[in-house]
Each structure stands twice: as C-alpha cells, then as structure tokens.
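Below: query05.pdb (PDB, C-alpha atoms and all ligand atoms)
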MODEL        1
ATOM      1  CA  MET A   1      94.094 111.629 120.936
ATOM      2  CA  LYS A   2      93.501 112.613 117.314
ATOM      3  CA  TYR A   3      92.706 110.106 114.590
ATOM      4  CA  LEU A   4      92.551 109.988 110.838
ATOM      5  CA  TYR A   5      89.217 108.307 110.009
ATOM      6  CA  THR A   6      89.747 106.042 107.008
ATOM      7  CA  THR A   7      88.165 103.236 105.017
ATOM      8  CA  LEU A   8      90.230 100.845 107.175
ATOM      9  CA  GLY A   9      89.298 102.406 110.526
ATOM     10  CA  LYS A  10      90.810 105.152 112.663
ATOM     11  CA  LEU A  11      94.581 105.612 112.627
ATOM     12  CA  THR A  12      96.958 107.591 114.875
ATOM     13  CA  ALA A  13      99.914 109.697 113.732
ATOM     14  CA  ASP A  14     102.289 106.878 114.836
ATOM     15  CA  GLN A  15     100.597 104.484 112.436
ATOM     16  CA  LEU A  16     101.020 106.828 109.460
ATOM     17  CA  GLY A  17     103.759 108.548 107.491
ATOM     18  CA  MET A  18     103.335 110.356 104.213
ATOM     19  CA  ILE A  19      99.746 111.301 103.368
ATOM     20  CA  LEU A  20      98.589 112.641  99.970
ATOM     21  CA  ALA A  21      96.060 115.345 100.924
ATOM     22  CA  HIS A  22      94.057 115.633  97.702
ATOM     23  CA  GLU A  23      93.583 112.849  95.166
ATOM     24  CA  HIS A  24      90.711 111.041  93.485
ATOM     25  CA  VAL A  25      90.073 107.322  93.114
ATOM     26  CA  PHE A  26      86.709 107.783  91.400
ATOM     27  CA  VAL A  27      85.095 110.951  89.985
ATOM     28  CA  ASP A  28      82.089 111.676  87.801
ATOM     29  CA  LEU A  29      81.972 115.284  86.631
ATOM     30  CA  ARG A  30      78.663 114.793  84.874
ATOM     31  CA  THR A  31      75.883 116.259  87.007
ATOM     32  CA  PRO A  32      73.912 113.803  89.196
ATOM     33  CA  ASP A  33      70.783 114.050  87.000
ATOM     34  CA  GLN A  34      72.537 112.445  83.996
ATOM     35  CA  ALA A  35      72.076 108.836  82.938
ATOM     36  CA  GLY A  36      74.827 106.543  84.164
ATOM     37  CA  TYR A  37      76.040 109.038  86.773
ATOM     38  CA  ALA A  38      78.564 107.455  89.181
ATOM     39  CA  GLU A  39      77.890 103.959  87.867
ATOM     40  CA  ALA A  40      80.706 101.454  87.402
ATOM     41  CA  GLU A  41      81.521  97.804  88.009
ATOM     42  CA  THR A  42      83.708  97.198  91.047
ATOM     43  CA  ASP A  43      86.034  94.836  89.139
ATOM     44  CA  SER A  44      86.613  97.436  86.442
ATOM     45  CA  VAL A  45      87.521 100.078  89.080
ATOM     46  CA  LEU A  46      89.871  97.658  90.847
ATOM     47  CA  ALA A  47      91.587  96.733  87.580
ATOM     48  CA  LEU A  48      92.374 100.389  86.871
ATOM     49  CA  MET A  49      93.059 101.808  90.338
ATOM     50  CA  VAL A  50      94.758  99.025  92.335
ATOM     51  CA  PRO A  51      98.032  99.416  90.356
ATOM     52  CA  GLN A  52      97.921 103.194  90.996
ATOM     53  CA  ILE A  53      97.662 102.624  94.747
ATOM     54  CA  GLU A  54     100.339  99.903  94.707
ATOM     55  CA  ALA A  55     102.701 102.365  92.987
ATOM     56  CA  ILE A  56     102.469 104.936  95.810
ATOM     57  CA  LYS A  57     102.552 102.283  98.534
ATOM     58  CA  ALA A  58     105.886 101.157  97.084
ATOM     59  CA  LEU A  59     107.140 104.763  97.391
ATOM     60  CA  GLY A  60     106.186 104.943 101.073
ATOM     61  CA  VAL A  61     102.854 106.775 100.922
ATOM     62  CA  THR A  62     100.697 105.537 103.836
ATOM     63  CA  ALA A  63      97.292 107.097 103.122
ATOM     64  CA  LEU A  64      95.446 109.187 100.564
ATOM     65  CA  VAL A  65      92.595 111.666 100.920
ATOM     66  CA  GLU A  66      89.769 111.091  98.425
ATOM     67  CA  CYS A  67      88.328 114.479  97.418
ATOM     68  CA  SER A  68      85.308 113.235  95.468
ATOM     69  CA  THR A  69      82.315 114.464  97.418
ATOM     70  CA  GLY A  70      78.550 114.448  96.918
ATOM     71  CA  GLY A  71      77.542 115.588  93.431
ATOM     72  CA  VAL A  72      80.810 114.596  91.703
ATOM     73  CA  GLY A  73      80.481 110.836  91.965
ATOM     74  CA  ARG A  74      81.430 109.987  95.508
ATOM     75  CA  ARG A  75      81.393 106.181  95.739
ATOM     76  CA  ALA A  76      82.513 105.309  99.256
ATOM     77  CA  ASP A  77      81.865 101.633  98.550
ATOM     78  CA  LEU A  78      84.333 101.679  95.646
ATOM     79  CA  ASP A  79      86.922 103.536  97.762
ATOM     80  CA  LEU A  80      86.468 100.761 100.336
ATOM     81  CA  ALA A  81      86.868  98.040  97.695
ATOM     82  CA  VAL A  82      90.124  99.618  96.450
ATOM     83  CA  SER A  83      91.339  99.954 100.062
ATOM     84  CA  ARG A  84      90.622  96.342 100.873
ATOM     85  CA  ALA A  85      92.294  95.103  97.699
ATOM     86  CA  THR A  86      95.477  97.041  98.530
ATOM     87  CA  ASN A  87      95.337  97.198 102.367
ATOM     88  CA  PHE A  88      95.720 100.963 101.940
ATOM     89  CA  PRO A  89      93.649 103.491 103.922
ATOM     90  CA  ILE A  90      91.639 106.172 102.120
ATOM     91  CA  VAL A  91      90.018 109.183 103.828
ATOM     92  CA  VAL A  92      86.576 109.849 102.321
ATOM     93  CA  PRO A  93      84.543 113.051 102.739
ATOM     94  CA  THR A  94      80.952 113.877 103.483
ATOM     95  CA  GLY A  95      79.426 117.067 102.044
ATOM     96  CA  ASN A  96      78.457 118.261  98.584
ATOM     97  CA  TYR A  97      80.060 120.120  95.687
ATOM     98  CA  ARG A  98      79.003 123.505  94.247
ATOM     99  CA  GLU A  99      76.260 124.335  91.750
ATOM    100  CA  PRO A 100      75.262 122.785  89.378
ATOM    101  CA  TRP A 101      76.568 119.519  90.913
ATOM    102  CA  ILE A 102      73.875 119.514  93.585
ATOM    103  CA  PRO A 103      71.337 116.689  93.622
ATOM    104  CA  ASP A 104      67.676 117.499  94.261
ATOM    105  CA  TRP A 105      67.635 115.992  97.756
ATOM    106  CA  VAL A 106      70.405 118.398  98.870
ATOM    107  CA  ARG A 107      68.746 121.345  97.097
ATOM    108  CA  ASN A 108      65.489 120.614  98.937
ATOM    109  CA  ALA A 109      66.959 119.775 102.355
ATOM    110  CA  SER A 110      66.993 122.245 105.255
ATOM    111  CA  GLN A 111      70.294 123.484 106.661
ATOM    112  CA  ASP A 112      69.683 121.470 109.842
ATOM    113  CA  ALA A 113      68.945 118.305 107.869
ATOM    114  CA  LEU A 114      72.188 118.734 105.918
ATOM    115  CA  ARG A 115      74.092 119.269 109.178
ATOM    116  CA  ASP A 116      72.573 116.135 110.703
ATOM    117  CA  TRP A 117      73.395 114.082 107.586
ATOM    118  CA  MET A 118      77.030 115.206 107.702
ATOM    119  CA  ILE A 119      77.305 114.500 111.442
ATOM    120  CA  ALA A 120      75.817 111.010 110.957
ATOM    121  CA  GLU A 121      78.386 110.245 108.234
ATOM    122  CA  LEU A 122      81.250 111.638 110.357
ATOM    123  CA  ASP A 123      80.233 109.977 113.638
ATOM    124  CA  ASP A 124      78.602 106.748 112.482
ATOM    125  CA  GLN A 125      79.201 105.658 108.890
ATOM    126  CA  ILE A 126      78.834 106.610 105.229
ATOM    127  CA  GLU A 127      75.797 104.831 103.763
ATOM    128  CA  ASP A 128      76.236 101.175 104.842
ATOM    129  CA  THR A 129      80.010 100.986 104.331
ATOM    130  CA  GLY A 130      80.839 100.497 108.023
ATOM    131  CA  PHE A 131      83.396 103.336 108.012
ATOM    132  CA  ARG A 132      83.133 106.997 108.939
ATOM    133  CA  ALA A 133      83.644 110.041 106.748
ATOM    134  CA  GLY A 134      87.010 111.603 107.526
ATOM    135  CA  TRP A 135      86.202 115.224 106.661
ATOM    136  CA  ILE A 136      83.808 117.578 104.856
ATOM    137  CA  LYS A 137      84.373 118.562 101.211
ATOM    138  CA  LEU A 138      82.429 121.284  99.446
ATOM    139  CA  SER A 139      82.959 124.042  96.885
ATOM    140  CA  ALA A 140      81.975 127.573  95.931
ATOM    141  CA  GLY A 141      81.597 129.232  92.534
ATOM    142  CA  ASP A 142      84.284 131.424  91.015
ATOM    143  CA  GLU A 143      81.957 134.453  90.829
ATOM    144  CA  GLY A 144      81.103 134.220  94.529
ATOM    145  CA  ILE A 145      79.268 131.834  96.809
ATOM    146  CA  THR A 146      75.604 131.249  95.913
ATOM    147  CA  PRO A 147      72.809 131.119  98.538
ATOM    148  CA  LEU A 148      72.569 127.314  98.176
ATOM    149  CA  GLU A 149      76.349 126.893  98.488
ATOM    150  CA  ALA A 150      76.239 129.150 101.570
ATOM    151  CA  THR A 151      73.550 126.941 103.137
ATOM    152  CA  ILE A 152      75.755 123.873 102.584
ATOM    153  CA  LEU A 153      78.723 125.759 104.108
ATOM    154  CA  ARG A 154      76.700 126.796 107.181
ATOM    155  CA  ALA A 155      75.511 123.211 107.669
ATOM    156  CA  ALA A 156      79.121 122.039 107.284
ATOM    157  CA  THR A 157      80.318 124.610 109.819
ATOM    158  CA  HIS A 158      77.950 123.251 112.466
ATOM    159  CA  ALA A 159      78.874 119.645 111.578
ATOM    160  CA  ALA A 160      82.565 120.598 111.881
ATOM    161  CA  MET A 161      81.962 122.239 115.268
ATOM    162  CA  ALA A 162      80.127 119.118 116.513
ATOM    163  CA  THR A 163      82.774 116.636 115.333
ATOM    164  CA  GLY A 164      86.111 118.456 115.000
ATOM    165  CA  ALA A 165      86.170 117.605 111.283
ATOM    166  CA  VAL A 166      87.943 119.890 108.851
ATOM    167  CA  ILE A 167      86.071 121.525 105.940
ATOM    168  CA  GLY A 168      87.897 121.644 102.620
ATOM    169  CA  SER A 169      86.597 123.714  99.736
ATOM    170  CA  HIS A 170      87.400 123.704  96.029
ATOM    171  CA  THR A 171      87.578 127.484  95.638
ATOM    172  CA  ILE A 172      89.618 129.007  92.838
ATOM    173  CA  ARG A 173      89.512 132.660  93.878
ATOM    174  CA  GLY A 174      91.062 133.805  97.142
ATOM    175  CA  SER A 175      88.467 136.539  97.554
ATOM    176  CA  VAL A 176      85.721 133.877  97.613
ATOM    177  CA  VAL A 177      87.704 131.973 100.288
ATOM    178  CA  MET A 178      87.709 135.136 102.413
ATOM    179  CA  ASP A 179      83.898 135.289 102.056
ATOM    180  CA  GLN A 180      83.659 131.614 103.075
ATOM    181  CA  LEU A 181      85.770 132.304 106.178
ATOM    182  CA  ASP A 182      83.438 135.203 107.056
ATOM    183  CA  ILE A 183      80.456 132.834 106.881
ATOM    184  CA  ILE A 184      82.207 130.194 109.030
ATOM    185  CA  GLU A 185      83.190 132.754 111.665
ATOM    186  CA  ALA A 186      79.710 134.322 111.694
ATOM    187  CA  GLU A 187      78.323 130.865 112.545
ATOM    188  CA  GLY A 188      80.820 130.515 115.413
ATOM    189  CA  GLY A 189      83.178 128.149 113.574
ATOM    190  CA  SER A 190      86.949 128.376 113.259
ATOM    191  CA  ALA A 191      89.008 129.261 110.192
ATOM    192  CA  ARG A 192      91.603 126.814 111.574
ATOM    193  CA  ARG A 193      89.327 123.943 110.524
ATOM    194  CA  PHE A 194      89.134 125.103 106.895
ATOM    195  CA  ILE A 195      91.288 124.130 103.906
ATOM    196  CA  SER A 196      91.460 126.490 100.948
ATOM    197  CA  ILE A 197      91.912 123.950  98.127
ATOM    198  CA  HIS A 198      93.632 125.050  94.865
ATOM    199  CA  THR A 199      95.155 128.171  96.482
ATOM    200  CA  HIS A 200      98.032 127.907  93.973
ATOM    201  CA  ALA A 201      95.487 128.995  91.313
ATOM    202  CA  GLU A 202      95.042 132.386  93.039
ATOM    203  CA  PRO A 203      97.640 134.657  91.404
ATOM    204  CA  ASP A 204      97.692 137.193  94.265
ATOM    205  CA  PHE A 205     100.147 135.768  96.808
ATOM    206  CA  GLY A 206      98.927 138.411  99.267
ATOM    207  CA  LEU A 207      95.675 136.435  99.457
ATOM    208  CA  HIS A 208      97.595 133.214 100.248
ATOM    209  CA  ARG A 209      99.093 135.081 103.207
ATOM    210  CA  ALA A 210      95.767 136.627 104.177
ATOM    211  CA  ILE A 211      93.950 133.258 104.180
ATOM    212  CA  ALA A 212      96.736 131.661 106.227
ATOM    213  CA  GLY A 213      96.781 134.755 108.440
ATOM    214  CA  ARG A 214      93.205 134.002 109.447
ATOM    215  CA  GLY A 215      94.329 130.530 110.531
ATOM    216  CA  ALA A 216      93.134 128.426 107.582
ATOM    217  CA  TRP A 217      95.106 125.792 105.706
ATOM    218  CA  ILE A 218      96.124 126.554 102.141
ATOM    219  CA  GLU A 219      96.636 123.825  99.563
ATOM    220  CA  TYR A 220      98.910 123.859  96.531
ATOM    221  CA  ASP A 221      97.830 121.013  94.290
ATOM    222  CA  ASN A 222      97.706 120.009  90.619
ATOM    223  CA  ILE A 223     101.319 118.851  91.097
ATOM    224  CA  GLY A 224     102.312 117.385  87.745
ATOM    225  CA  ALA A 225      99.702 119.365  85.794
ATOM    226  CA  VAL A 226     101.426 122.552  86.951
ATOM    227  CA  PRO A 227     105.143 122.199  86.015
ATOM    228  CA  VAL A 228     107.032 120.851  89.057
ATOM    229  CA  GLN A 229     109.536 123.752  88.960
ATOM    230  CA  GLU A 230     106.671 126.228  89.198
ATOM    231  CA  SER A 231     105.100 124.397  92.147
ATOM    232  CA  ALA A 232     108.481 124.220  93.911
ATOM    233  CA  LYS A 233     108.980 127.964  93.473
ATOM    234  CA  LEU A 234     105.598 128.719  95.030
ATOM    235  CA  ILE A 235     106.244 126.294  97.902
ATOM    236  CA  LEU A 236     109.576 128.044  98.640
ATOM    237  CA  LYS A 237     107.762 131.387  98.618
ATOM    238  CA  ALA A 238     105.240 130.093 101.174
ATOM    239  CA  LEU A 239     108.026 128.673 103.348
ATOM    240  CA  ASP A 240     109.846 132.038 103.204
ATOM    241  CA  ALA A 241     106.588 133.785 104.173
ATOM    242  CA  GLY A 242     106.373 131.599 107.285
ATOM    243  CA  ILE A 243     103.174 129.779 106.313
ATOM    244  CA  GLY A 244     104.715 126.322 105.771
ATOM    245  CA  SER A 245     102.990 124.967 108.888
ATOM    246  CA  GLN A 246      99.614 125.608 107.178
ATOM    247  CA  LEU A 247     100.516 124.251 103.727
ATOM    248  CA  LEU A 248      99.191 121.054 102.110
ATOM    249  CA  ILE A 249     100.541 119.707  98.805
ATOM    250  CA  SER A 250      99.072 117.048  96.517
ATOM    251  CA  HIS A 251      98.368 116.068  92.891
ATOM    252  CA  ASP A 252      94.567 116.207  92.534
ATOM    253  CA  ARG A 253      94.993 113.246  90.183
ATOM    254  CA  GLY A 254      93.779 109.752  89.485
ATOM    255  CA  TRP A 255      91.047 108.504  88.641
ATOM    256  CA  TYR A 256      88.410 106.129  87.351
ATOM    257  CA  ASP A 257      85.990 108.167  85.219
ATOM    258  CA  PRO A 258      82.722 106.292  84.573
ATOM    259  CA  ALA A 259      81.962 108.590  81.627
ATOM    260  CA  LEU A 260      84.900 107.024  79.734
ATOM    261  CA  PRO A 261      85.321 103.446  78.404
ATOM    262  CA  ASP A 262      86.805 101.249  81.178
ATOM    263  CA  GLY A 263      87.298 104.384  83.306
ATOM    264  CA  GLY A 264      89.776 106.095  80.976
ATOM    265  CA  GLU A 265      93.511 106.497  81.542
ATOM    266  CA  PRO A 266      94.444 107.427  85.148
ATOM    267  CA  LYS A 267      97.202 109.929  85.904
ATOM    268  CA  PRO A 268      99.621 108.504  88.504
ATOM    269  CA  TYR A 269      99.962 109.840  92.051
ATOM    270  CA  THR A 270     103.747 109.529  91.927
ATOM    271  CA  VAL A 271     105.000 112.970  90.804
ATOM    272  CA  VAL A 272     105.328 114.295  94.372
ATOM    273  CA  ASN A 273     107.640 111.448  95.421
ATOM    274  CA  LEU A 274     109.542 111.018  92.158
ATOM    275  CA  GLU A 275     109.975 114.658  91.109
ATOM    276  CA  LEU A 276     108.769 117.302  93.577
ATOM    277  CA  ILE A 277     110.377 116.103  96.829
ATOM    278  CA  PRO A 278     113.782 115.462  95.190
ATOM    279  CA  LEU A 279     113.618 118.960  93.642
ATOM    280  CA  LEU A 280     112.697 120.587  96.975
ATOM    281  CA  SER A 281     115.659 118.788  98.587
ATOM    282  CA  ARG A 282     118.002 120.035  95.861
ATOM    283  CA  LEU A 283     116.688 123.553  96.456
ATOM    284  CA  GLY A 284     117.699 123.300 100.107
ATOM    285  CA  VAL A 285     114.426 122.387 101.836
ATOM    286  CA  SER A 286     115.377 120.401 104.948
ATOM    287  CA  GLU A 287     114.347 116.826 105.641
ATOM    288  CA  ASP A 288     112.369 118.048 108.666
ATOM    289  CA  THR A 289     110.417 120.524 106.512
ATOM    290  CA  ILE A 290     109.679 117.753 103.983
ATOM    291  CA  ILE A 291     108.297 115.629 106.853
ATOM    292  CA  GLN A 292     106.253 118.598 108.029
ATOM    293  CA  LEU A 293     104.760 119.237 104.578
ATOM    294  CA  PHE A 294     103.948 115.628 103.676
ATOM    295  CA  HIS A 295     103.496 113.841 107.034
ATOM    296  CA  ARG A 296     102.687 116.201 109.918
ATOM    297  CA  ASN A 297     100.624 118.860 108.111
ATOM    298  CA  PRO A 298      98.145 116.502 106.417
ATOM    299  CA  PHE A 299      97.682 114.531 109.620
ATOM    300  CA  ALA A 300      97.092 117.751 111.587
ATOM    301  CA  ALA A 301      94.629 119.051 108.987
ATOM    302  CA  PHE A 302      92.503 115.926 108.589
ATOM    303  CA  SER A 303      92.698 114.306 112.050
ATOM    304  CA  ARG A 304      90.113 114.874 114.760
ATOM    305  CA  PRO A 305      89.158 113.433 118.154
TER     306      PRO A 305
HETATM  307 ZN    ZN B 401      90.224 117.435  93.142
ENDMDL
END

As structure tokens:
Amino acid sequence: MKYLYTTLGKLTADQLGMILAHEHVFVDLRTPDQAGYAEAETDSVLALMVPQIEAIKALGVTALVECSTGGVGRRADLDLAVSRATNFPIVVPTGNYREPWIPDWVRNASQDALRDWMIAELDDQIEDTGFRAGWIKLSAGDEGITPLEATILRAATHAAMATGAVIGSHTIRGSVVMDQLDIIEAEGGSARRFISIHTHAEPDFGLHRAIAGRGAWIEYDNIGAVPVQESAKLILKALDAGIGSQLLISHDRGWYDPALPDGGEPKPYTVVNLELIPLLSRLGVSEDTIIQLFHRNPFAAFSRP
C-alpha cells in the first residue's frame, strides 16, 4: 500500500481526491543568516492562510503539497497549525534549497549526515511536530549544479532509495535537470522518483520530452502567473506528446511572507479550479484525463510505502 504522508497522518488514494502538487503556506526568501528569518507569530499566519485553505477545500481540493524546504523558511510547525485549524492535510518536505539559501549546518555536514537527517524526517518526524516529511525538495542553480548542491542531491538520492520518497527540484533549465538525473542514476537511484519542477519555464519542449523519456515527472506550475491560456496550450502539447501520465500541475502560490508586514497579501490557490480546469474541459480534455492530472498523478508522484 502507498500513502501520502501529511501533517494529519498517512492517507491512502481512497481518502483523497484532488491534490495541488506545488504551493506554499509559508516562505522566507531571505537567506537563513538574516535577522528575523522564518520568524512569525502563529496567530498571524493562521489569520492570513486559513481563509486561503478554506477557499480550496470548498472547491473540492483534498490536500496540498508545501514546497518550502530548508533554507527558504520551512516551518513545519506552522504548516501543522494551519492544517489543524482547517482539518486539511499538507505534505511537507525534507531537504534543502540551492545556494545561497544553505544554512551553515548543511554546508558543513557530510553527505552521509545529510542522508541520515532526511531519512529521520521521512521515517520518524520533522523536528518535534509528530508528523513525517512527505518528500524531498531541493534545487539547483541555473548555470549548473554546484558541488554543494550535488552533495545535497546525492544525499537525497540515498534517502529516496531508503524510503521510496520522491525528490522534487526547483530547476529552471532542462539541461541542468538532465545533469541531476545523471547524478541520481550514477548513485543507483531512479529518475522515476524525481520531479522536474518549473519545467514550463524551459522553452525547449524537446527537453520536456527528454526528461519524461528518462522516466521523471515534469511539472507545469505558476498557473495564474503564466496566463491560463498559455498553460492550457502547453498542457495540451504534453498530452499530445503522450507524457500526460508524468505531468503535475499547480500554482506555486500562497503565502505568508515574514519579511512583509502581517505576512503580505497572499495569492489564492483557486485559479486551477476556477479557470484552468474549465478551460481544459472546453478544449476537449476528458474528465478522466482531468482526474489523472489532478488526482492520480500527484498521488502517484508523492506517495510511498
Ligand atoms: Zn515554489
């Protein structure tokens, strides 16, 4: 049996429907060495983010994947507080973002120590939250993966092999994704347990095919920031190319930003339900394909034994 590991415990496919594969409840894009990094009052976060979660619950969304990882303000305790206040499960990652968002303890840790930390969060719990990490989130630079980012990726590969967890990476250039897949395969890992996040930003569609051809998931996100018509066109192209069974779609929106007064103004997670899915239906995408894209694919990508 495969489960989605969430703030509210492990859930089976039968217990879930639509899952948003890439969103943020809380992010801090200041680097971890800056004053005030990732700090916020729980009540202030709840006041801003509970209505955002209630809005997607009302539209039938059953879970959301938090993509804020180490180095960009992961606050698993705040994700848990939002979950409890809304009775809505959130899937939280272990791992760490790219340079320069790498705290000193990660920079100084050995590859094995990073692997063991990730496995402990995936198999036991994140910090003292009482819930397990659902997956591994990392990133690589646009000009190519750095030695430190490669160490984090190798550690993640071994943690993924030990737990069945998927690795997702914020990687803008498809050529860098291909390098990441080489590293994973050289370590004995599987491209099938890798998500190429922000693949829509790679202009060469041949690379979308090539990444999927190696077995990895591709993700088209920024729905709502990218015009919905443009996203729909790219999704149809992927479906025509036969890679719809490896496609994830989400907003990459939200969120409470502790660098802004009262967390700033969140962007709603509702564009997929209110605009994109109706447009895909009008363009002839079947109900079964919609279920595949928004229910079955995200469960398959993020679930594990
Ligand atoms: Zn994101």

Just so the selection is clear, what residues does the PyMOL selection byres (((chain A and resi 137) around 9) and not hetatm) cover here, as a ChimeraX atom specification? /A:67-70,93-97,135-136,138-139,156,166-170

What do you get as a VMD selection string if you pick all residues at most 10 Å from ligand ZN 401 (chain B), counting all atoms listed in the file? chain A and resid 21 to 24 27 65 to 69 72 169 to 170 197 to 198 221 to 222 250 to 254

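Among the candidates A:Ala150, A:Ile223, A:Ala140, A:Ala40, the one nearest to Pro100 in chain A when counting all atoms listed in the file is A:Ala140.
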
Go through the shown structure with the PyMOL selection byres (((chain A and resi 268-271) around 9) and not hetatm) and write out the matching residues as a PDB file with C-alpha atoms, keeping the file's coordinate frame.
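Resulting contents of selection.pdb:
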ATOM      1  CA  LEU A  20      98.589 112.641  99.970  1.00  0.00           C
ATOM      2  CA  GLU A  23      93.583 112.849  95.166  1.00  0.00           C
ATOM      3  CA  GLN A  52      97.921 103.194  90.996  1.00  0.00           C
ATOM      4  CA  ILE A  53      97.662 102.624  94.747  1.00  0.00           C
ATOM      5  CA  ALA A  55     102.701 102.365  92.987  1.00  0.00           C
ATOM      6  CA  ILE A  56     102.469 104.936  95.810  1.00  0.00           C
ATOM      7  CA  LEU A  59     107.140 104.763  97.391  1.00  0.00           C
ATOM      8  CA  ILE A 223     101.319 118.851  91.097  1.00  0.00           C
ATOM      9  CA  GLY A 224     102.312 117.385  87.745  1.00  0.00           C
ATOM     10  CA  VAL A 228     107.032 120.851  89.057  1.00  0.00           C
ATOM     11  CA  SER A 250      99.072 117.048  96.517  1.00  0.00           C
ATOM     12  CA  HIS A 251      98.368 116.068  92.891  1.00  0.00           C
ATOM     13  CA  ASP A 252      94.567 116.207  92.534  1.00  0.00           C
ATOM     14  CA  ARG A 253      94.993 113.246  90.183  1.00  0.00           C
ATOM     15  CA  GLY A 254      93.779 109.752  89.485  1.00  0.00           C
ATOM     16  CA  TRP A 255      91.047 108.504  88.641  1.00  0.00           C
ATOM     17  CA  PRO A 266      94.444 107.427  85.148  1.00  0.00           C
ATOM     18  CA  LYS A 267      97.202 109.929  85.904  1.00  0.00           C
ATOM     19  CA  VAL A 272     105.328 114.295  94.372  1.00  0.00           C
ATOM     20  CA  ASN A 273     107.640 111.448  95.421  1.00  0.00           C
ATOM     21  CA  LEU A 274     109.542 111.018  92.158  1.00  0.00           C
ATOM     22  CA  GLU A 275     109.975 114.658  91.109  1.00  0.00           C
ATOM     23  CA  LEU A 276     108.769 117.302  93.577  1.00  0.00           C
ATOM     24  CA  ILE A 277     110.377 116.103  96.829  1.00  0.00           C
TER      25      ILE A 277
END

Evaluate the PyMOL selection byres (((chain A and resi 130) around 10) and not hetatm) against this structure - the residues, as a VMD selection string, please. chain A and resid 7 to 9 77 80 124 to 129 131 to 132

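Proximity to Ile19 in chain A was assessed for A:Gly244, A:Gly215, A:Pro89, A:Gly264 counting all atoms listed in the file; the smallest distance is recorded for A:Pro89.
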
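Restricting the calculation to only C-alpha atoms, the smallest distance between Phe194 in chain A and any of A:Leu78, A:Leu247, A:Leu280, A:Ala232 is found for A:Leu247.
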
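With all atoms listed in the file as the basis for measurement, A:His200 is the residue among A:His200, A:Lys57, A:Arg304, A:His208 that approaches Ala225 in chain A most closely.
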
How many Å separate CA of Glu39 in chain A from CA of Val91 in chain A? 20.7 Å

Neighbouring residues of range 31-36 of chain A were defined as those with any atom within 8 Å, considering only C-alpha atoms; residues of the same chain fewer than 5 positions away were excluded. Please report them as a VMD selection string. chain A and resid 71 to 73 100 to 103 258 to 259

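The smallest atom-to-atom distance between Gly17 in chain A and any of A:Arg115, A:Ile235, A:Tyr37, A:Val61, using only C-alpha atoms, is found for A:Val61.
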
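In this structure, CA of Thr163 in chain A sits 10.9 Å away from CA of Ala133 in chain A.
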
Nearest residue to Leu29 in chain A from the set A:Leu293, A:Val50, A:Asp182, A:Arg74 (distances using all atoms listed in the file): A:Arg74

What's the 12 Å shell around Gly206 in chain A, counting all atoms listed in the file, without same-chain residues fewer than 3 positions away, as a ChimeraX atom specification? /A:174-175,199-200,202-203,209-213,237-238,241,243

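Selection around (90.7, 124.7, 111.0) with radius 10 Å, counting all atoms listed in the file, yields the residues Ala160, Gly164, Ala165, Val166, Ile167, Gly168, Gly189, Ser190, Ala191, Arg192, Arg193, Phe194, Ile195, Arg214, Gly215, Ala216, Trp217, Gln246, Ala300, Ala301 and Phe302 of chain A.
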
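Taking CA of Tyr5 in chain A and CA of Ser44 in chain A as the two end points, the separation is 26.1 Å.
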